[in-house]
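Enquirer: I'd like to ask some things about the structure below.
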Amino acid sequence: MTRFRASERAVGGAGAFAALGGSLLGAALQLQQPMLWPAWAYAGLLGIGMAGMWWRRMPGRTLLLIALVCAAMAGAGLAGWRAVVYAKGALDPALEGLDLRVTGVVSEMPQRNEAGTRFTLDVESAQWTDPDLPGRPAVPDRIALGWYAEGSSLWSRTPPAVVAGASPHAGERWSLAVRLKAPHGSRNPHGFDSELWMWEQGLQASGHVRTGARDTAPVLLGTTWRHPIERARESVRDAVFERVPDRAQAGVIAALVTGDQNAIDRAGWDVFRATGVAHLMSISGLHVTMFAWLAAHVVGLLWRRSTRLMLWLPAQQAALVGGVLLATLYALFSGWGVPSQRTVWMLATVALLRLSGRRWPWPNVWLLTAAVVVALDPWAPMQAGFWLSFVAVGVLFASDAAAPGEQQGGAAFRLLRFFREQWTITLAITPLSLLLFQQVSLIGLLANAVAIPWVTLVITPLAMFGMVVPPSWDLAAMAVQALGLLLQWLAGLPHATLSMAAPPWWLAACGVGGGALLVMRLPWPMRGLGVPLLLPVLLWQAPRPPAGEFELLAADIGQGNAVLVRTATHSLLYDAGPRYSLESDAGHRVLVPLLRAYGEQLDTLVVSHRDTDHTGGAPAVLAMQPEAALLSSIEAAHPLQAMRAARRCEAGQSWSWDGVRFEVLHPFESDYRSFSKPNAVSCVLRIDNGRAAALLAGDIERLQETALVMRTPQLLRADVLLAPHHGSKTSSGAAFLDAVQPRIALVQAGYRNRFGHPAQEVATRYRERGVALIENTRCGAAHWSSLRPADVACERERRARYWQHRPSLGGPPDS
């Protein structure tokens with residue numbers, strides 16, 4: 001009888017494990033859908049799955065299979081149903097680019113600088129600015145707005161100067177003239193999915209405040225009592241910057257206290273990532289977990305001092321509840337970001353399980369926390385932070401289970417155990433970080449050995465105490481400065497970071513398993529099994545074209561050019577995209593991660609001409625690629641020359657790589673003496689292997705096109721053409737297109753860009769000639785290979801997901 005009950009309990013535990021795993025599997029499968037089904041289909045899946053999990057009249061193994069399948073149906077149904085409900089609030093495409101008047105409350109602390117202000121608005125009402133239009137426009141409930149200085153197109157997060165008149169604060173109600181558009185981000189291989197990020201944040205439209213002479217001026221309608229925590233965060237952040245004169249030090253303190261990661265400048269983040277301590281500088285799941293651990297310890301100590309309280313509730317349970325509640329308050333004050341929310345849900349789940357008296361095996365508890373998080377946030381598995389937290393929590397569970405005798409001990413012992421766990425987490429997530437970001441800090445263990453206790457025990461307490469005693473921020477600034485000096489020295493060491501190409505998912509899973517085996521408390525022979533699982537990941541090389549062939553990848557970088565050209569053993573980048581802001585550019589945000597994911601070592605960077613939509617990302621690319629030669633038409637005094645002396649591109653230059661010929665067709669030497677604007681000396685590059693050819697035309701215009709047709713008509717023929725000047729009406733003349741005779745034309749331009757690229761008349765000329773016009777706003781990154789010269793693979797189609805924006809045809813540009 002006892003044996004039967006034990007077997008029954010084992011089957012029940014396995015059934016719970018199968019059900020929890022099935023719910024995660026179902027949600028993961030739903031996330032792969034390119035299009036959403038009707039709501040009734042998901043509701044049916046959810047209902048059948050929930051009903052099926054109550055059916056228990058089956059033998060053990062069959063029951064496990066039923067639990068897995070039914071839980072997967074329920075998980076997929078819940079995720080899909082929530083997605084359908086959310087998608088109904090999307091911005092009507094007919095409203096894009098139209099002037100509206102919205103009234104709403106600022107729901108988050110704004111981000112300010114000398115260029116303008118960005119903030120989130122909870123919309124209460126909307127109306128047309130044109131009184132003759134009927135009805136009221138249907139605007140999403142939550143939108144992201146930018147309020148920019150006159151004539152400003154750059155965005156910087158520091159210093160926090162405010163545009164005259166543009167000073168919204170959290171909790172204020174405003175009436176604003178705005179122009180909105182749907183969330184639209186770049187779509188690149190292994191790139192950040194900003195559309196998914198906005199989906200998770202509940203932002204279904206973005207736009208800017210209209211402040212022109214013909215627009216109605218913004219009106220502050222009053223201050224509300226809504227969003228008190230955001231108002232408090234904003235006041236604390238501003239007080240930190242007023243108290244601490246050094247912007248870098250103030251940014252770290254503000255980030256640790258209020259969770260404002262934007263307070264840290266780009267240079268600071270580069271150092272933190274290079275040294276592997278970036279996880280300490282933002283309010284992440286690790287911060288919330290550490291805070292919960294410390295809070296629970298303090299609550300437990302104080303609770304034990306009262307006999308009456310001890311009789312009412314045991315100290316261990318009080319510590320558990322107090323730790324979770326205080327961690328929740330900390331997460332709320334730090335902005336209630338998605339990583340913090342996941343951690344609070346995980347902590348609350350474990351706490352409720354322990355308070356109920358249940359003692360589940362750690363794998364079941366591990367899956368339960370993940371299942372709760374995914375049920376509340378179905379899109380969490382698409383974020384790197386989820387997997388970092390998931391693996392870290394799993395390693396901690398496994399370590400605790402392997403060492404039950406270490407659960408007791410004094411405060412000093414527990415503190416040592418806490419830091420040992422942080423080391424274990426660091427070791428465990430290092431392989432995962434390499435797989436997720438294709439980069440890991442080789443000096444990260446040394447940096448974390450100093451940074452973890454310094455940030456945890458010195459900087460963070462001083463920063464938090466400064467809210468009560470502001471002079472503590474001065475001490476915190478000195479502590480930040482001391483740590484910064486050490487980290488900068490470590491980041492400057494040779495080979496401080498290791499980069500590798502992104503492996504396929506199945507190989508990545510093996511690598512994660514290998515890393516987990518190495519850090520778990522198992523016999524060394526079993527740990528050693530992790531090495532053969534890790535080695536294939538470390539030795540992985542991204543596939544390249546065969547000898548004699550080449551391929552292009554036109555990156556999705558917005559309004560600018562950036563095309564990666566790859567042969568069997570060589571690589572070239574043609575242009576480096578735009579500068580988005582004073583702190584952000586296409587090199588830093590798109591090209592550096594892209595090159596790292598492909599494991600590329602550039603031989604040459606071609607910068608066609610000096611315009612910032614072509615040179616904006618070049619500094620970041622050159623910093624990452626120290627061996628790359630620079631070929632360009634930029635002048636001798638251009639700032640890029642200080643980073644890498646450029647060889648001037650001139651017609652007639654040519655070279656061959658792996659059986660593929662590269663030739664510069666423009667500009668001629670005489671063009672440098674007579675050009676009136678930079679477009680006239682754009683470097684035009686032709687790539688040819690005898691069977692297929694590509695022509696990268698930069699920003700040449702009608703005059704330069706005519707010169708090319710007259711001088712080198714025999715060299716213009718190409719299968720794929722990078723549309724000159726992004727499809728501007730000043731380029732892509734009929735004679736030029738007749739000479740090139742392309743099958744495919746690539747247009748790299750920003751979504752709803754203010755220039756109207758590609759111009760309608762230019763698009764018509766291409767289509768009249770049967771040329772496939774591939775726009776990155778609809779295609780994402782475009783993949784073309786000389787092996788299949790008539791085909792283009794679009795990243796938005798190859799990895800289509802239902803949350804992606806699908807632009808409608810036509811529409812006026814934004815201004």
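Chain labels A, B, ... are given in the sequence in which chains occur in the structure tokens; within each chain residues are numbered consecutively from 1, and ligands are likewise numbered from 1 in the order shown.
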So that I can see what lies close to Ala18 in chain A, please list as a PDB file with N, CA, C and O atoms, in the first residue's frame the residues with an atom at most 12 Å from it, counting only C-alpha atoms and leaving out residues fewer than 2 positions away in the same chain.

Expert:
```pdb
ATOM      1  N   VAL A  11       3.804   9.752  -9.889  1.00  0.00           N
ATOM      2  CA  VAL A  11       3.083  10.060 -11.127  1.00  0.00           C
ATOM      3  C   VAL A  11       2.480  11.454 -11.057  1.00  0.00           C
ATOM      4  O   VAL A  11       2.503  12.231 -12.018  1.00  0.00           O
ATOM      5  N   GLY A  12       1.938  11.812  -9.845  1.00  0.00           N
ATOM      6  CA  GLY A  12       1.376  13.151  -9.703  1.00  0.00           C
ATOM      7  C   GLY A  12       2.416  14.227  -9.894  1.00  0.00           C
ATOM      8  O   GLY A  12       2.165  15.241 -10.535  1.00  0.00           O
ATOM      9  N   GLY A  13       3.621  14.013  -9.312  1.00  0.00           N
ATOM     10  CA  GLY A  13       4.690  14.994  -9.500  1.00  0.00           C
ATOM     11  C   GLY A  13       5.120  15.092 -10.948  1.00  0.00           C
ATOM     12  O   GLY A  13       5.347  16.183 -11.471  1.00  0.00           O
ATOM     13  N   ALA A  14       5.224  13.940 -11.616  1.00  0.00           N
ATOM     14  CA  ALA A  14       5.591  13.951 -13.027  1.00  0.00           C
ATOM     15  C   ALA A  14       4.500  14.601 -13.869  1.00  0.00           C
ATOM     16  O   ALA A  14       4.781  15.301 -14.849  1.00  0.00           O
ATOM     17  N   GLY A  15       3.227  14.366 -13.460  1.00  0.00           N
ATOM     18  CA  GLY A  15       2.132  15.004 -14.190  1.00  0.00           C
ATOM     19  C   GLY A  15       2.165  16.509 -14.065  1.00  0.00           C
ATOM     20  O   GLY A  15       1.930  17.236 -15.040  1.00  0.00           O
ATOM     21  N   ALA A  16       2.478  17.009 -12.862  1.00  0.00           N
ATOM     22  CA  ALA A  16       2.603  18.452 -12.680  1.00  0.00           C
ATOM     23  C   ALA A  16       3.743  19.003 -13.514  1.00  0.00           C
ATOM     24  O   ALA A  16       3.622  20.068 -14.132  1.00  0.00           O
ATOM     25  N   LEU A  20       3.205  21.775 -16.429  1.00  0.00           N
ATOM     26  CA  LEU A  20       3.917  23.059 -16.420  1.00  0.00           C
ATOM     27  C   LEU A  20       4.773  23.214 -17.677  1.00  0.00           C
ATOM     28  O   LEU A  20       4.774  24.272 -18.310  1.00  0.00           O
ATOM     29  N   GLY A  21       5.492  22.156 -18.033  1.00  0.00           N
ATOM     30  CA  GLY A  21       6.292  22.212 -19.255  1.00  0.00           C
ATOM     31  C   GLY A  21       5.440  22.385 -20.499  1.00  0.00           C
ATOM     32  O   GLY A  21       5.800  23.098 -21.432  1.00  0.00           O
ATOM     33  N   GLY A  22       4.266  21.725 -20.502  1.00  0.00           N
ATOM     34  CA  GLY A  22       3.369  21.859 -21.649  1.00  0.00           C
ATOM     35  C   GLY A  22       2.850  23.272 -21.818  1.00  0.00           C
ATOM     36  O   GLY A  22       2.734  23.769 -22.949  1.00  0.00           O
ATOM     37  N   SER A  23       2.518  23.947 -20.704  1.00  0.00           N
ATOM     38  CA  SER A  23       2.030  25.328 -20.811  1.00  0.00           C
ATOM     39  C   SER A  23       3.100  26.237 -21.405  1.00  0.00           C
ATOM     40  O   SER A  23       2.789  27.131 -22.208  1.00  0.00           O
ATOM     41  N   LEU A  24       4.355  26.018 -21.017  1.00  0.00           N
ATOM     42  CA  LEU A  24       5.443  26.810 -21.595  1.00  0.00           C
ATOM     43  C   LEU A  24       5.619  26.490 -23.074  1.00  0.00           C
ATOM     44  O   LEU A  24       5.828  27.390 -23.890  1.00  0.00           O
ATOM     45  N   LEU A  25       5.535  25.209 -23.424  1.00  0.00           N
ATOM     46  CA  LEU A  25       5.675  24.806 -24.825  1.00  0.00           C
ATOM     47  C   LEU A  25       4.572  25.411 -25.684  1.00  0.00           C
ATOM     48  O   LEU A  25       4.821  25.909 -26.787  1.00  0.00           O
ATOM     49  N   GLY A  26       3.340  25.382 -25.183  1.00  0.00           N
ATOM     50  CA  GLY A  26       2.227  25.941 -25.953  1.00  0.00           C
ATOM     51  C   GLY A  26       2.386  27.431 -26.193  1.00  0.00           C
ATOM     52  O   GLY A  26       2.158  27.923 -27.317  1.00  0.00           O
ATOM     53  N   MET A  53      -7.117  18.722 -18.758  1.00  0.00           N
ATOM     54  CA  MET A  53      -6.191  18.503 -17.644  1.00  0.00           C
ATOM     55  C   MET A  53      -6.890  17.941 -16.408  1.00  0.00           C
ATOM     56  O   MET A  53      -6.227  17.468 -15.483  1.00  0.00           O
ATOM     57  N   GLY A  60      -0.611   5.733 -16.150  1.00  0.00           N
ATOM     58  CA  GLY A  60       0.385   6.753 -15.814  1.00  0.00           C
ATOM     59  C   GLY A  60       0.996   7.472 -17.001  1.00  0.00           C
ATOM     60  O   GLY A  60       0.928   8.695 -17.108  1.00  0.00           O
ATOM     61  N   ARG A  61       1.602   6.721 -17.938  1.00  0.00           N
ATOM     62  CA  ARG A  61       2.304   7.378 -19.044  1.00  0.00           C
ATOM     63  C   ARG A  61       1.335   8.101 -19.970  1.00  0.00           C
ATOM     64  O   ARG A  61       1.654   9.169 -20.494  1.00  0.00           O
ATOM     65  N   THR A  62       0.184   7.529 -20.180  1.00  0.00           N
ATOM     66  CA  THR A  62      -0.821   8.200 -21.009  1.00  0.00           C
ATOM     67  C   THR A  62      -1.280   9.489 -20.354  1.00  0.00           C
ATOM     68  O   THR A  62      -1.513  10.509 -21.021  1.00  0.00           O
ATOM     69  N   LEU A  63      -1.407   9.428 -19.028  1.00  0.00           N
ATOM     70  CA  LEU A  63      -1.813  10.621 -18.298  1.00  0.00           C
ATOM     71  C   LEU A  63      -0.790  11.740 -18.463  1.00  0.00           C
ATOM     72  O   LEU A  63      -1.143  12.905 -18.611  1.00  0.00           O
ATOM     73  N   LEU A  64       0.488  11.387 -18.438  1.00  0.00           N
ATOM     74  CA  LEU A  64       1.541  12.387 -18.628  1.00  0.00           C
ATOM     75  C   LEU A  64       1.437  13.022 -20.015  1.00  0.00           C
ATOM     76  O   LEU A  64       1.582  14.243 -20.171  1.00  0.00           O
ATOM     77  N   LEU A  65       1.181  12.191 -21.034  1.00  0.00           N
ATOM     78  CA  LEU A  65       1.053  12.718 -22.391  1.00  0.00           C
ATOM     79  C   LEU A  65      -0.154  13.639 -22.506  1.00  0.00           C
ATOM     80  O   LEU A  65      -0.080  14.706 -23.131  1.00  0.00           O
ATOM     81  N   ILE A  66      -1.269  13.227 -21.889  1.00  0.00           N
ATOM     82  CA  ILE A  66      -2.471  14.070 -21.922  1.00  0.00           C
ATOM     83  C   ILE A  66      -2.209  15.396 -21.220  1.00  0.00           C
ATOM     84  O   ILE A  66      -2.610  16.469 -21.692  1.00  0.00           O
ATOM     85  N   ALA A  67      -1.539  15.331 -20.055  1.00  0.00           N
ATOM     86  CA  ALA A  67      -1.224  16.562 -19.325  1.00  0.00           C
ATOM     87  C   ALA A  67      -0.358  17.492 -20.168  1.00  0.00           C
ATOM     88  O   ALA A  67      -0.587  18.705 -20.207  1.00  0.00           O
ATOM     89  N   LEU A  68       0.621  16.930 -20.858  1.00  0.00           N
ATOM     90  CA  LEU A  68       1.508  17.744 -21.695  1.00  0.00           C
ATOM     91  C   LEU A  68       0.743  18.408 -22.832  1.00  0.00           C
ATOM     92  O   LEU A  68       0.853  19.619 -23.054  1.00  0.00           O
ATOM     93  N   VAL A  69      -0.072  17.607 -23.549  1.00  0.00           N
ATOM     94  CA  VAL A  69      -0.785  18.133 -24.723  1.00  0.00           C
ATOM     95  C   VAL A  69      -1.847  19.149 -24.295  1.00  0.00           C
ATOM     96  O   VAL A  69      -1.965  20.233 -24.894  1.00  0.00           O
ATOM     97  N   CYS A  70      -2.611  18.819 -23.267  1.00  0.00           N
ATOM     98  CA  CYS A  70      -3.681  19.727 -22.851  1.00  0.00           C
ATOM     99  C   CYS A  70      -3.117  21.033 -22.293  1.00  0.00           C
ATOM    100  O   CYS A  70      -3.666  22.113 -22.541  1.00  0.00           O
ATOM    101  N   ALA A  71      -2.039  20.935 -21.514  1.00  0.00           N
ATOM    102  CA  ALA A  71      -1.427  22.157 -20.996  1.00  0.00           C
ATOM    103  C   ALA A  71      -0.861  23.003 -22.129  1.00  0.00           C
ATOM    104  O   ALA A  71      -0.931  24.240 -22.076  1.00  0.00           O
ATOM    105  N   ALA A  72      -0.314  22.354 -23.157  1.00  0.00           N
ATOM    106  CA  ALA A  72       0.189  23.107 -24.308  1.00  0.00           C
ATOM    107  C   ALA A  72      -0.943  23.832 -25.024  1.00  0.00           C
ATOM    108  O   ALA A  72      -0.797  24.989 -25.440  1.00  0.00           O
ATOM    109  N   PRO A 363      12.849  21.031  -9.660  1.00  0.00           N
ATOM    110  CA  PRO A 363      12.486  21.234 -11.077  1.00  0.00           C
ATOM    111  C   PRO A 363      11.046  21.691 -11.264  1.00  0.00           C
ATOM    112  O   PRO A 363      10.753  22.504 -12.137  1.00  0.00           O
ATOM    113  N   ASN A 364      10.135  21.163 -10.415  1.00  0.00           N
ATOM    114  CA  ASN A 364       8.734  21.580 -10.521  1.00  0.00           C
ATOM    115  C   ASN A 364       8.560  23.038 -10.100  1.00  0.00           C
ATOM    116  O   ASN A 364       7.804  23.802 -10.722  1.00  0.00           O
ATOM    117  N   LEU A 367       9.906  25.217 -12.941  1.00  0.00           N
ATOM    118  CA  LEU A 367       8.964  25.351 -14.058  1.00  0.00           C
ATOM    119  C   LEU A 367       7.734  26.146 -13.654  1.00  0.00           C
ATOM    120  O   LEU A 367       7.163  26.880 -14.470  1.00  0.00           O
ATOM    121  N   LEU A 368       7.297  26.001 -12.394  1.00  0.00           N
ATOM    122  CA  LEU A 368       6.128  26.749 -11.947  1.00  0.00           C
ATOM    123  C   LEU A 368       6.372  28.250 -12.027  1.00  0.00           C
ATOM    124  O   LEU A 368       5.505  28.998 -12.502  1.00  0.00           O
ATOM    125  N   ALA A 371       6.224  29.212 -15.605  1.00  0.00           N
ATOM    126  CA  ALA A 371       4.865  29.130 -16.141  1.00  0.00           C
ATOM    127  C   ALA A 371       4.015  30.305 -15.679  1.00  0.00           C
ATOM    128  O   ALA A 371       3.206  30.846 -16.451  1.00  0.00           O
TER     129      ALA A 371
END
```

Enquirer: In range 131-303 of chain A, what's helix (DSSP H, G or I) per DSSP? Answer as a PyMOL selection string?

Expert: chain A and resi 194-201+228-243+247-258+261-263+266-274+278-280+285-303

Enquirer: If you count only C-alpha atoms, which residues fall within 7 Å of range 636-646 of chain A, apart from same-chain ones fewer than 5 positions away, as a ChimeraX atom specification?

Expert: /A:619,630-631

Enquirer: List the spatial neighbours of range 765-768 of chain A as a ChimeraX atom specification - criterion: any atom at most 8 Å away, only C-alpha atoms, same-chain residues fewer than 3 positions off excluded.

Expert: /A:734,737,745,761-762,771-773

Enquirer: Show me, as a PyMOL selection string, the residues that have an atom within 9 Å of range 496-505 of chain A when counting only C-alpha atoms, minus same-chain residues fewer than 5 positions from it.

Expert: chain A and resi 190+274-276+434-444+490-491+510+537-542+595-600

Enquirer: Can you write just those residues out, C-alpha atoms, as a compact mmCIF listing (two decimals), in the first residue's frame?

Expert:
```txt
# COMPACT_ATOMS: atom_id res chain seq x y z
CA HIS A 190 19.82 38.65 -34.53
CA ALA A 274 33.00 45.18 -21.64
CA THR A 275 33.65 44.26 -18.01
CA GLY A 276 30.53 42.12 -17.60
CA LEU A 434 27.74 34.49 -25.26
CA LEU A 435 24.89 32.78 -27.09
CA LEU A 436 22.38 35.62 -26.67
CA PHE A 437 24.67 38.58 -27.34
CA GLN A 438 27.60 36.92 -29.17
CA GLN A 439 29.94 38.63 -26.71
CA VAL A 440 31.19 37.94 -23.21
CA SER A 441 33.69 39.67 -20.97
CA LEU A 442 36.80 37.58 -20.32
CA ILE A 443 37.63 39.73 -17.34
CA GLY A 444 34.03 39.59 -16.11
CA LEU A 490 40.00 46.47 -17.00
CA ALA A 491 38.03 47.35 -20.15
CA CYS A 510 23.49 22.24 -26.06
CA VAL A 537 29.34 26.36 -29.74
CA LEU A 538 32.73 27.97 -29.22
CA LEU A 539 34.04 26.59 -32.52
CA TRP A 540 30.97 27.45 -34.58
CA GLN A 541 31.53 29.44 -37.78
CA ALA A 542 28.72 31.10 -39.72
CA LEU A 595 28.75 41.85 -37.67
CA ARG A 596 29.33 40.13 -34.35
CA ALA A 597 26.49 37.66 -34.94
CA TYR A 598 27.96 36.73 -38.34
CA GLY A 599 31.48 36.52 -36.93
CA GLU A 600 32.66 39.08 -39.48
```

Enquirer: How far is it from CA of Phe755 in chain A to CA of Ala562 in chain A, in Å with one decimal?

Expert: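 Value for the CA of Phe755 in chain A-CA of Ala562 in chain A distance: 18.5 Å.
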
Enquirer: Once you count only C-alpha atoms, what closest atom pair and distance in Å to one decimal does each residue of range 471-551 of chain A within 8 Å of range 231-249 of chain A have, with rows by chain and rising residue number, as CSV?

Expert:
```
residue,atom,partner,partner_atom,distance
A:Trp473,CA,A:Val244,CA,7.2
A:Asp474,CA,A:Val244,CA,6.6
A:Ala477,CA,A:Gln249,CA,5.5
A:Val480,CA,A:Gln249,CA,6.0
A:Gln481,CA,A:Gln249,CA,6.7
```

Enquirer: Counting only C-alpha atoms, figure out which residue out of A:Ala576, A:Leu31, A:Leu95, A:Val747 gets nearest to Asp377 in chain A.

Expert: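 Closest to Asp377 in chain A, using only C-alpha atoms: A:Leu31.
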
Enquirer: Fewer than 2 positions away in the same chain doesn't count, so skip those; otherwise give me all residues within 8 Å of Glu172 in chain A, counting only C-alpha atoms, as a compact mmCIF listing (two decimals) with all heavy atoms, in the first residue's frame.

Expert:
```txt
# COMPACT_ATOMS: atom_id res chain seq x y z
N VAL A 105 -2.82 62.16 -19.72
CA VAL A 105 -1.99 62.33 -18.54
C VAL A 105 -0.63 61.68 -18.78
O VAL A 105 -0.56 60.55 -19.27
CB VAL A 105 -2.66 61.71 -17.29
CG1 VAL A 105 -1.75 61.81 -16.06
CG2 VAL A 105 -4.00 62.38 -17.02
N VAL A 106 0.42 62.39 -18.43
CA VAL A 106 1.79 61.85 -18.54
C VAL A 106 1.93 60.75 -17.50
O VAL A 106 1.79 60.98 -16.30
CB VAL A 106 2.84 62.95 -18.32
CG1 VAL A 106 4.24 62.38 -18.42
CG2 VAL A 106 2.63 64.09 -19.31
N PRO A 168 6.75 68.69 -19.63
CA PRO A 168 5.73 67.87 -18.99
C PRO A 168 6.33 67.06 -17.85
O PRO A 168 7.50 66.66 -17.88
CB PRO A 168 5.25 66.96 -20.13
CG PRO A 168 6.42 66.88 -21.06
CD PRO A 168 7.09 68.21 -20.98
N HIS A 169 5.53 66.83 -16.82
CA HIS A 169 5.95 66.04 -15.68
C HIS A 169 4.94 64.92 -15.46
O HIS A 169 3.77 65.02 -15.84
CB HIS A 169 6.05 66.91 -14.42
CG HIS A 169 7.08 68.00 -14.52
ND1 HIS A 169 8.41 67.79 -14.29
CD2 HIS A 169 6.95 69.32 -14.85
CE1 HIS A 169 9.08 68.92 -14.45
NE2 HIS A 169 8.22 69.87 -14.80
N ALA A 170 5.40 63.86 -14.82
CA ALA A 170 4.52 62.73 -14.54
C ALA A 170 3.31 63.19 -13.73
O ALA A 170 3.43 63.97 -12.79
CB ALA A 170 5.30 61.66 -13.77
N TRP A 174 -2.28 67.14 -20.13
CA TRP A 174 -1.95 68.08 -21.21
C TRP A 174 -2.93 67.90 -22.37
O TRP A 174 -3.48 66.82 -22.59
CB TRP A 174 -0.54 67.81 -21.73
CG TRP A 174 0.55 68.33 -20.84
CD1 TRP A 174 1.05 67.75 -19.71
CD2 TRP A 174 1.28 69.55 -21.02
NE1 TRP A 174 2.06 68.51 -19.18
CE2 TRP A 174 2.22 69.62 -19.97
CE3 TRP A 174 1.25 70.57 -21.96
CZ2 TRP A 174 3.11 70.69 -19.82
CZ3 TRP A 174 2.14 71.63 -21.83
CH2 TRP A 174 3.05 71.69 -20.78
N LEU A 220 -1.18 73.05 -20.71
CA LEU A 220 -1.18 72.31 -19.46
C LEU A 220 -2.52 72.51 -18.77
O LEU A 220 -2.88 73.64 -18.40
CB LEU A 220 -0.03 72.80 -18.56
CG LEU A 220 0.00 72.22 -17.15
CD1 LEU A 220 0.16 70.70 -17.17
CD2 LEU A 220 1.12 72.87 -16.33
N LEU A 221 -3.26 71.42 -18.61
CA LEU A 221 -4.62 71.51 -18.04
C LEU A 221 -4.63 71.37 -16.53
O LEU A 221 -5.66 71.63 -15.90
CB LEU A 221 -5.50 70.43 -18.67
CG LEU A 221 -5.66 70.50 -20.20
CD1 LEU A 221 -6.53 69.36 -20.70
CD2 LEU A 221 -6.24 71.85 -20.62
N GLY A 222 -3.52 70.94 -15.95
CA GLY A 222 -3.47 70.81 -14.50
C GLY A 222 -2.68 69.60 -14.08
O GLY A 222 -2.23 68.78 -14.89
N THR A 223 -2.50 69.47 -12.79
CA THR A 223 -1.78 68.34 -12.20
C THR A 223 -2.78 67.42 -11.52
O THR A 223 -3.64 67.87 -10.78
CB THR A 223 -0.74 68.83 -11.18
OG1 THR A 223 0.17 69.71 -11.84
CG2 THR A 223 0.03 67.67 -10.57
N THR A 224 -2.64 66.13 -11.78
CA THR A 224 -3.54 65.14 -11.19
C THR A 224 -2.81 64.39 -10.07
O THR A 224 -1.61 64.56 -9.85
CB THR A 224 -3.99 64.12 -12.25
OG1 THR A 224 -2.89 63.27 -12.60
CG2 THR A 224 -4.48 64.83 -13.51
```

Enquirer: If DSSP is run on the backbone, what residues of range 645-743 of chain A are strand (DSSP E or B)? A reply as a PyMOL selection string would be ideal.

Expert: chain A and resi 646-648+654-657+660-666+684-688+693-696+720-722
